[in-house]
Each structure stands twice: as structure tokens, then as C-alpha cells.
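What follows is one structure encoded as C-alpha cells, with my remarks underneath.
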Amino acid sequence: MTSVQYTLADANRWAEFSGDYNPIHFDLEQARRRGEGLRVHGMRALLDIKQEIARAALGLDESAAYLRCVARLRQPVWCDTPYQLISAGRKASIVHPDSGTVSMSCQVSAVQSLVDGDNGESGTLEAVDIIRHGQTFSALQPHAQQWQFLDALLFRYLIHDSGLLRQQVLCHYFPENAQASFEAIFTQFPVVQTHQELVFDRRLLASWANPISPEALVINIEPALLINDAPGSALVRIAANTHYQNAFISNAITLKIG
């Protein structure tokens, strides 16, 4: 068990890498109007949880070619608030020490094969950009495995990709933002992450050192899924995948909007 506490400096470092300047992480006045404090970036807190289960992942069934990492974000993690990071082998959680409430958890398991998915549009992340993002990421997680960096890189790509909101399911929901990215949506609607699912080749358990790739990465954007469309809110799943040195990784993020 480890004590963790996140500050505005942590938020700034994650935002420097990801470009996620969602006001719920920075605008204290807006947060106070909602009767809240500043929320910690879910992906930033998950960095520490994933670092815990990364060690356990090395010992999983070696006959399985792939691993699945599933995260659930149940409650906000608040800035400047102490929490406990509890690891139990393949599962780790961030827990509020007073209430015992699990704020978020993550579990890794072995997968024998991939389920074929649909790919929509694809884009290219140039090597120079990968190296630049890697330099910023190294300050966040200096002892990462390759899948951890690619996980964060795909998240960054997803929230900045302008093609996502042009997909039919999202264009219908956000007609005035069809040329924008999810980064722009953050400033217009309350957006929080609720789930994440990663599937990756076990070869990506190797240690990461920048530059991870001397070549560009082709990133495939999967069709978005509108999971729930309630009055005033929506639950949206967005996903992307890529191959690094012929090793596959996919990243699916579920966001609650509104």
C-alpha cells in the first residue's frame, strides 16, 4: 500500500503531454460553483495504477499472445487529497483512506487471441512527434513499459483527432462541432472518463526508452459508439489502435458527456 496525492503541478505535467486542459482539472472557480474541488485527470492517476499491475503482467500466462487491461473510474480523485494506492497482484486501486471508497481500479488478464474490430479512418503520427511526446512522458513515468507509453500516446491522439466528431454517430450529437476535436468539447460540456480497455501484444511489456520508434506510427480510429443517449448527457466510446514493430495495441475510452 502506497500513499498518493496529486497536485496542480501533476495536472500541468499531464496536460503538457496529453493536451488535456479540461476545465474540471484547472478551473477552481467553476468547480466551486458545482460544489466540488479540482478533479485529477483520470489517465494521470491511472499511470500509477498501471505501473503497479505492470509488474504482475510479466508473470501472466506466457502462452497468451495478448493482455487485456481494464480500468473503471467510479469516483473522482480530488486534487490535494491523500489517497491509498493498493495493489493485489493483477489488480490495483486508488482508495479514499477515510471512507474506504474505491475511486478507480484496473486489472490485467491474459488473452489468447484478438477479436477483429472495424477500423475507420487512419492517420500518421510522425517520428519527430513521437520522440517529442516521449520526452514529455518520461517526466511522468520514467520506468514505463512500451505499452504504457503507447497507451498514453493513443489517448492523446484520440482527443486531438478532428475526424472523430465527423463520424455519423458523433456528428449527429455534436452538429456544431463536426470540425473540432474532443479537446474542444471539454471546454463546452462537462466530460469525465468512466472506463478504459486496452488490449496489447505481450511483447510490449518490454521496457520503454525514448525514442520508442524511429519510424512513424499509423493510427487507426475505430468507429465511435454511442452507448447511452439520455436527456442532457451521453456515454460515448472512442477507440484507436496501432502497431509498433508489428506488435498490436488498442485503446478504448468511455466518456460521459454532459
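Order determines the names: the first chain of the C-alpha cells is A, the second B, and so forth; residues in each chain are numbered 1 upward, and ligands are numbered 1 upward as they are shown.
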Within 7 Å of region 10-14 of chain A using only C-alpha atoms, minus same-chain residues under 3 positions, as a ChimeraX atom specification: /A:6-7,17-18,25,40-41,44
Who sits within 9 Å of Gly89 (chain A), only C-alpha atoms, same chain under 2 positions skipped, as a list in words: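 My list of contacting residues is Glu52, Ile53, Arg55, Ala56, Ala57, Ser87, Lys91, Ala92 and Gln107 of chain A.
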Every residue of region 47-224 of chain A that DSSP places in strand (DSSP E), as a VMD selection string: chain A and resid 66 to 73 83 to 88 91 to 95 102 to 111 122 to 125 191 to 201 217 to 224
Region 125-140 of chain A environment, 6 Å, only C-alpha atoms, sequence neighbours closer than 2 positions dropped, as a list of chain:residue names: A:Phe17, A:Pro142, A:Asn210, A:Pro211, A:Pro214, A:Glu215, A:Ala216, A:Leu217
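Residues within 7 Å of region 237-243 of chain A, counting only C-alpha atoms and excluding same-chain residues fewer than 2 positions away, are A:Leu154, A:Leu158, A:Leu217, A:Val218, A:Ile219, A:Asn220, A:Ile221, A:Glu222, A:Ala224, A:Leu225, A:Leu226, A:Ile227, A:Leu235, A:Gln245, A:Asn246, A:Ala247, A:Phe248, A:Ile249, A:Ser250, A:Asn251, A:Ala252, A:Ile253, A:Thr254, A:Leu255.
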Step one, run DSSP on the backbone; step two, keep only residues of region 7-222 of chain A assigned to alpha helix (DSSP H); then write them as a PDB file with C-alpha atoms, in the first residue's frame.
ATOM      1  CA  LEU A   8      -1.978  21.088  -9.713  1.00  0.00           C
ATOM      2  CA  ALA A   9       1.635  20.520 -10.774  1.00  0.00           C
ATOM      3  CA  ASP A  10       0.708  16.914 -11.658  1.00  0.00           C
ATOM      4  CA  ALA A  11      -2.234  18.196 -13.687  1.00  0.00           C
ATOM      5  CA  ASN A  12       0.000  20.580 -15.580  1.00  0.00           C
ATOM      6  CA  ARG A  13       2.575  17.889 -16.362  1.00  0.00           C
ATOM      7  CA  TRP A  14      -0.094  15.503 -17.678  1.00  0.00           C
ATOM      8  CA  ALA A  15      -1.725  18.279 -19.709  1.00  0.00           C
ATOM      9  CA  GLU A  16       1.664  19.235 -21.159  1.00  0.00           C
ATOM     10  CA  PHE A  17       1.937  15.706 -22.516  1.00  0.00           C
ATOM     11  CA  SER A  18      -1.694  14.980 -23.416  1.00  0.00           C
ATOM     12  CA  LEU A  28     -11.271  26.091  -9.358  1.00  0.00           C
ATOM     13  CA  GLU A  29     -13.940  28.802  -9.550  1.00  0.00           C
ATOM     14  CA  GLN A  30     -16.050  26.655 -11.884  1.00  0.00           C
ATOM     15  CA  ALA A  31     -15.513  23.637  -9.628  1.00  0.00           C
ATOM     16  CA  ARG A  32     -16.651  25.561  -6.555  1.00  0.00           C
ATOM     17  CA  ARG A  33     -19.841  26.589  -8.346  1.00  0.00           C
ATOM     18  CA  GLY A  42      -8.226  10.006 -14.713  1.00  0.00           C
ATOM     19  CA  MET A  43      -5.446   8.992 -17.095  1.00  0.00           C
ATOM     20  CA  ARG A  44      -2.852  10.630 -14.845  1.00  0.00           C
ATOM     21  CA  ALA A  45      -3.942   8.655 -11.796  1.00  0.00           C
ATOM     22  CA  LEU A  46      -4.150   5.503 -13.920  1.00  0.00           C
ATOM     23  CA  LEU A  47      -0.456   5.886 -14.737  1.00  0.00           C
ATOM     24  CA  ASP A  48       0.354   4.957 -11.145  1.00  0.00           C
ATOM     25  CA  ILE A  49      -2.180   2.123 -11.029  1.00  0.00           C
ATOM     26  CA  LYS A  50      -0.860   0.655 -14.291  1.00  0.00           C
ATOM     27  CA  GLN A  51       2.683   0.864 -13.004  1.00  0.00           C
ATOM     28  CA  GLU A  52       1.618  -1.407 -10.139  1.00  0.00           C
ATOM     29  CA  ILE A  53      -0.012  -4.033 -12.341  1.00  0.00           C
ATOM     30  CA  ALA A  54       2.801  -3.854 -14.922  1.00  0.00           C
ATOM     31  CA  ARG A  55       4.932  -5.960 -12.627  1.00  0.00           C
ATOM     32  CA  ALA A  56       2.178  -8.562 -12.283  1.00  0.00           C
ATOM     33  CA  ALA A  57       1.634  -8.611 -16.049  1.00  0.00           C
ATOM     34  CA  ALA A 127       8.567  10.012 -35.685  1.00  0.00           C
ATOM     35  CA  VAL A 128       9.613  13.519 -34.670  1.00  0.00           C
ATOM     36  CA  ASP A 129       6.317  13.968 -32.802  1.00  0.00           C
ATOM     37  CA  ILE A 130       6.624  10.565 -31.120  1.00  0.00           C
ATOM     38  CA  ILE A 131      10.080  11.490 -29.864  1.00  0.00           C
ATOM     39  CA  ARG A 132       8.861  14.874 -28.638  1.00  0.00           C
ATOM     40  CA  HIS A 133       5.911  13.346 -26.774  1.00  0.00           C
ATOM     41  CA  GLY A 134       8.207  10.680 -25.388  1.00  0.00           C
ATOM     42  CA  GLN A 135      10.459  13.277 -23.839  1.00  0.00           C
ATOM     43  CA  THR A 136       7.479  14.816 -22.052  1.00  0.00           C
ATOM     44  CA  PHE A 137       6.155  11.411 -21.000  1.00  0.00           C
ATOM     45  CA  SER A 138       9.458  10.379 -19.455  1.00  0.00           C
ATOM     46  CA  ALA A 139       8.948  13.031 -16.767  1.00  0.00           C
ATOM     47  CA  LEU A 140       5.614  11.418 -15.888  1.00  0.00           C
ATOM     48  CA  GLN A 146       6.274   0.113 -24.011  1.00  0.00           C
ATOM     49  CA  TRP A 147       2.517  -0.474 -23.723  1.00  0.00           C
ATOM     50  CA  GLN A 148       2.202   2.261 -21.102  1.00  0.00           C
ATOM     51  CA  PHE A 149       3.679   4.906 -23.373  1.00  0.00           C
ATOM     52  CA  LEU A 150       1.646   3.735 -26.380  1.00  0.00           C
ATOM     53  CA  ASP A 151      -1.488   3.751 -24.206  1.00  0.00           C
ATOM     54  CA  ALA A 152      -0.920   7.406 -23.301  1.00  0.00           C
ATOM     55  CA  LEU A 153       0.038   8.261 -26.879  1.00  0.00           C
ATOM     56  CA  LEU A 154      -3.182   6.778 -28.290  1.00  0.00           C
ATOM     57  CA  PHE A 155      -5.241   8.676 -25.701  1.00  0.00           C
ATOM     58  CA  ARG A 156      -3.551  11.889 -26.766  1.00  0.00           C
ATOM     59  CA  TYR A 157      -4.227  11.137 -30.409  1.00  0.00           C
ATOM     60  CA  LEU A 158      -7.898  10.373 -29.759  1.00  0.00           C
ATOM     61  CA  ILE A 159      -8.740  13.611 -28.003  1.00  0.00           C
ATOM     62  CA  HIS A 160      -6.992  15.690 -30.683  1.00  0.00           C
ATOM     63  CA  GLN A 168     -22.001   9.899 -38.137  1.00  0.00           C
ATOM     64  CA  VAL A 169     -22.867   8.880 -34.579  1.00  0.00           C
ATOM     65  CA  LEU A 170     -20.970  11.840 -33.087  1.00  0.00           C
ATOM     66  CA  CYS A 171     -21.715  14.370 -35.816  1.00  0.00           C
ATOM     67  CA  HIS A 172     -25.413  13.860 -35.073  1.00  0.00           C
ATOM     68  CA  TYR A 173     -24.841  14.502 -31.369  1.00  0.00           C
ATOM     69  CA  PHE A 182     -12.768  16.259 -28.176  1.00  0.00           C
ATOM     70  CA  GLU A 183     -10.324  18.755 -26.705  1.00  0.00           C
ATOM     71  CA  ALA A 184     -12.736  21.499 -27.838  1.00  0.00           C
ATOM     72  CA  ILE A 185     -15.718  19.576 -26.431  1.00  0.00           C
ATOM     73  CA  PHE A 186     -14.042  19.691 -22.996  1.00  0.00           C
TER      74      PHE A 186
END
Residue neighbourhood Ala65 (chain A), 10 Å, only C-alpha atoms, exclusion window fewer than 5 positions, as a ChimeraX atom specification: /A:110-114,200-203
Residues as selected, all heavy atoms, written as a compact mmCIF listing (two decimals), in the first residue's frame, can you do that?
# COMPACT_ATOMS: atom_id res chain seq x y z
N ALA A 110 -4.76 -12.26 -19.14
CA ALA A 110 -4.22 -12.82 -20.36
C ALA A 110 -5.34 -13.05 -21.37
O ALA A 110 -6.46 -13.40 -21.01
CB ALA A 110 -3.49 -14.12 -20.07
N VAL A 111 -5.02 -12.85 -22.66
CA VAL A 111 -5.98 -13.04 -23.75
C VAL A 111 -5.30 -13.90 -24.81
O VAL A 111 -4.19 -13.59 -25.24
CB VAL A 111 -6.42 -11.69 -24.36
CG1 VAL A 111 -7.40 -11.91 -25.50
CG2 VAL A 111 -7.04 -10.79 -23.30
N GLN A 112 -5.98 -14.95 -25.25
CA GLN A 112 -5.36 -15.86 -26.20
C GLN A 112 -5.35 -15.32 -27.63
O GLN A 112 -4.43 -15.59 -28.40
CB GLN A 112 -6.09 -17.21 -26.17
CG GLN A 112 -5.95 -17.96 -24.85
CD GLN A 112 -4.52 -18.37 -24.56
OE1 GLN A 112 -3.71 -18.54 -25.47
NE2 GLN A 112 -4.19 -18.51 -23.27
N SER A 113 -6.38 -14.56 -28.00
CA SER A 113 -6.46 -14.07 -29.37
C SER A 113 -7.21 -12.75 -29.41
O SER A 113 -7.90 -12.39 -28.46
CB SER A 113 -7.15 -15.10 -30.27
OG SER A 113 -8.47 -15.34 -29.82
N LEU A 114 -7.09 -12.06 -30.53
CA LEU A 114 -7.77 -10.80 -30.72
C LEU A 114 -9.14 -11.00 -31.33
O LEU A 114 -9.36 -11.94 -32.09
CB LEU A 114 -6.96 -9.89 -31.64
CG LEU A 114 -5.62 -9.35 -31.13
CD1 LEU A 114 -4.92 -8.57 -32.24
CD2 LEU A 114 -5.83 -8.46 -29.91
N PHE A 200 -3.24 -5.50 -25.78
CA PHE A 200 -1.93 -5.30 -26.40
C PHE A 200 -1.13 -6.59 -26.45
O PHE A 200 -1.31 -7.50 -25.64
CB PHE A 200 -1.16 -4.20 -25.65
CG PHE A 200 -0.92 -4.46 -24.19
CD1 PHE A 200 0.24 -5.08 -23.75
CD2 PHE A 200 -1.87 -4.07 -23.24
CE1 PHE A 200 0.46 -5.31 -22.40
CE2 PHE A 200 -1.65 -4.30 -21.89
CZ PHE A 200 -0.48 -4.91 -21.47
N ASP A 201 -0.24 -6.63 -27.41
CA ASP A 201 0.69 -7.74 -27.59
C ASP A 201 1.63 -7.80 -26.39
O ASP A 201 2.17 -6.78 -25.97
CB ASP A 201 1.49 -7.49 -28.88
CG ASP A 201 2.29 -8.69 -29.33
OD1 ASP A 201 3.10 -9.20 -28.51
OD2 ASP A 201 2.15 -9.10 -30.49
N ARG A 202 1.82 -8.98 -25.84
CA ARG A 202 2.65 -9.11 -24.64
C ARG A 202 4.09 -8.69 -24.88
O ARG A 202 4.82 -8.40 -23.93
CB ARG A 202 2.58 -10.51 -24.06
CG ARG A 202 3.26 -11.59 -24.85
CD ARG A 202 3.19 -12.94 -24.11
NE ARG A 202 3.75 -12.86 -22.78
CZ ARG A 202 3.03 -13.00 -21.64
NH1 ARG A 202 1.75 -13.22 -21.69
NH2 ARG A 202 3.62 -12.91 -20.47
N ARG A 203 4.53 -8.62 -26.14
CA ARG A 203 5.88 -8.14 -26.42
C ARG A 203 6.07 -6.68 -25.99
O ARG A 203 7.19 -6.22 -25.79
CB ARG A 203 6.21 -8.31 -27.90
CG ARG A 203 6.41 -9.76 -28.34
CD ARG A 203 6.60 -9.85 -29.84
NE ARG A 203 5.38 -9.52 -30.56
CZ ARG A 203 5.30 -9.44 -31.89
NH1 ARG A 203 6.38 -9.67 -32.63
NH2 ARG A 203 4.15 -9.14 -32.48
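Here CA of Gln167 (chain A) is placed at a distance of 12.8 Å from CA of Ser122 (chain A).
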